[in-house]
Amino acid sequence: MSTRQPANIPVALSTARSQFDLWRSRQRNKRARLPEELWQKAVALAHKHGLNKTARALGLKYYSLKKHLEATATHESKPAETRCEFLELLPSPPVTTPSIECTIELEDGSGTTMRMHVKGARMADLASFACGFRSSRA
């Protein structure tokens with residue numbers, strides 16, 4: 001890795017570079033692994049300044065930083081699970097048109113399936129129920 005720093009390096013990267021250099025200078029074993037707190041700092045800077053620029057400024061291997069960046073992205077991207085405990089379907093007022101009778105099967109992306117046999121519901125009620133099921137799974 002080159003020890004020369006680019007002239008237009010942001011202050012945050014320059015400060016972090018000093019911290020990385022200080023840590024490296026204190027290590028007897030030159031192949032020692034970086035502590036997790038330094039990796040977290042590098043990942044945060046890579047989010048802000050870009051992967052290549054951060055890796056070069058901090059003297060890190062591009063693909064090592066990329067691996068840490070992707071690892072944190074997968075942990076952060078998992079959505080919080082929301083569960084619908086109860087969904088009330090109110091009876092609709094009597095209609096003069098013939099009622100619908102059908103079997104509904106709803107499946108979300110995780111494989112959860114719900115099957116219902118419905119008699120006497122309106123299409124608008126069925127559509128709002130399907131939207132409610134889908135939004136409770138998002």
# chains A, B, ... in the order shown; residues from 1 in each chain; ligands from 1
$ residues_around --residues "A:Ala124" --least-positions-apart "5" --cutoff "12 Å" --atoms "only C-alpha atoms" --output "list in words"
Leu89, Ser92, Ile100, Phe129, Ala130 and Cys131 of chain A
$ closest_residue --among "A:Val11, A:Cys102, A:Ala32, A:Ala73" --to "A:Arg115" --atoms "only C-alpha atoms"
A:Cys102
$ residues_around --residues "A:Leu69" --least-positions-apart "2" --cutoff "12 Å" --atoms "only C-alpha atoms" --output "compact mmCIF listing (two decimals) with N, CA and C atoms, in the first residue's frame"
# COMPACT_ATOMS: atom_id res chain seq x y z
N TRP A 39 -12.63 -1.05 12.29
CA TRP A 39 -13.39 -1.48 11.11
C TRP A 39 -14.73 -0.74 11.05
N GLN A 40 -15.37 -0.56 12.19
CA GLN A 40 -16.64 0.17 12.21
C GLN A 40 -16.45 1.61 11.74
N LYS A 41 -15.37 2.22 12.19
CA LYS A 41 -15.07 3.59 11.75
C LYS A 41 -14.84 3.62 10.24
N ALA A 42 -14.09 2.65 9.73
CA ALA A 42 -13.81 2.59 8.30
C ALA A 42 -15.09 2.38 7.50
N VAL A 43 -15.98 1.52 7.99
CA VAL A 43 -17.26 1.28 7.30
C VAL A 43 -18.11 2.54 7.28
N ALA A 44 -18.16 3.25 8.40
CA ALA A 44 -18.93 4.50 8.46
C ALA A 44 -18.37 5.53 7.48
N LEU A 45 -17.06 5.62 7.41
CA LEU A 45 -16.44 6.55 6.46
C LEU A 45 -16.66 6.12 5.02
N ALA A 46 -16.68 4.82 4.77
CA ALA A 46 -16.93 4.33 3.41
C ALA A 46 -18.35 4.64 2.96
N HIS A 47 -19.29 4.60 3.89
CA HIS A 47 -20.67 4.99 3.56
C HIS A 47 -20.71 6.45 3.11
N LYS A 48 -19.94 7.28 3.78
CA LYS A 48 -19.98 8.72 3.51
C LYS A 48 -19.11 9.14 2.33
N GLY A 50 -17.23 6.89 0.17
CA GLY A 50 -17.02 5.92 -0.90
C GLY A 50 -15.98 4.88 -0.51
N LEU A 51 -16.13 3.72 -1.09
CA LEU A 51 -15.29 2.57 -0.73
C LEU A 51 -13.83 2.76 -1.14
N ASN A 52 -13.61 3.11 -2.39
CA ASN A 52 -12.23 3.22 -2.89
C ASN A 52 -11.46 4.34 -2.19
N THR A 54 -11.98 5.68 0.73
CA THR A 54 -11.73 5.35 2.13
C THR A 54 -10.63 4.32 2.27
N ALA A 55 -10.67 3.28 1.44
CA ALA A 55 -9.64 2.23 1.51
C ALA A 55 -8.26 2.81 1.24
N TYR A 62 -8.94 -2.92 -0.42
CA TYR A 62 -10.27 -2.58 -0.95
C TYR A 62 -11.28 -3.69 -0.64
N TYR A 63 -10.92 -4.94 -0.95
CA TYR A 63 -11.87 -6.04 -0.82
C TYR A 63 -12.14 -6.40 0.65
N SER A 64 -11.18 -6.15 1.53
CA SER A 64 -11.43 -6.37 2.96
C SER A 64 -12.45 -5.36 3.47
N LEU A 65 -12.29 -4.11 3.08
CA LEU A 65 -13.25 -3.08 3.49
C LEU A 65 -14.61 -3.36 2.87
N LYS A 66 -14.62 -3.79 1.62
CA LYS A 66 -15.89 -4.11 0.94
C LYS A 66 -16.62 -5.23 1.67
N LYS A 67 -15.88 -6.25 2.13
CA LYS A 67 -16.47 -7.37 2.85
C LYS A 67 -17.11 -6.88 4.15
N ALA A 71 -21.10 -6.84 5.07
CA ALA A 71 -21.57 -7.54 6.27
C ALA A 71 -22.47 -6.64 7.11
N THR A 72 -22.11 -5.38 7.23
CA THR A 72 -22.96 -4.46 8.00
C THR A 72 -24.23 -4.14 7.25
N ALA A 73 -24.17 -4.12 5.93
CA ALA A 73 -25.36 -3.82 5.14
C ALA A 73 -26.39 -4.92 5.29
N THR A 74 -25.98 -6.18 5.37
CA THR A 74 -26.94 -7.27 5.51
C THR A 74 -27.58 -7.26 6.89
N HIS A 75 -26.83 -6.84 7.92
CA HIS A 75 -27.42 -6.76 9.25
C HIS A 75 -28.42 -5.61 9.34
N GLU A 76 -28.13 -4.52 8.68
CA GLU A 76 -29.00 -3.35 8.74
C GLU A 76 -30.23 -3.48 7.86
$ atom_distance --atom1 "atom CA of A:Arg24" --atom2 "atom CA of A:Pro10"
21.0 Å
$ closest_residue --among "A:His117, A:His68, A:Glu85, A:Gly132" --to "A:Glu105" --atoms "only C-alpha atoms"
A:His117
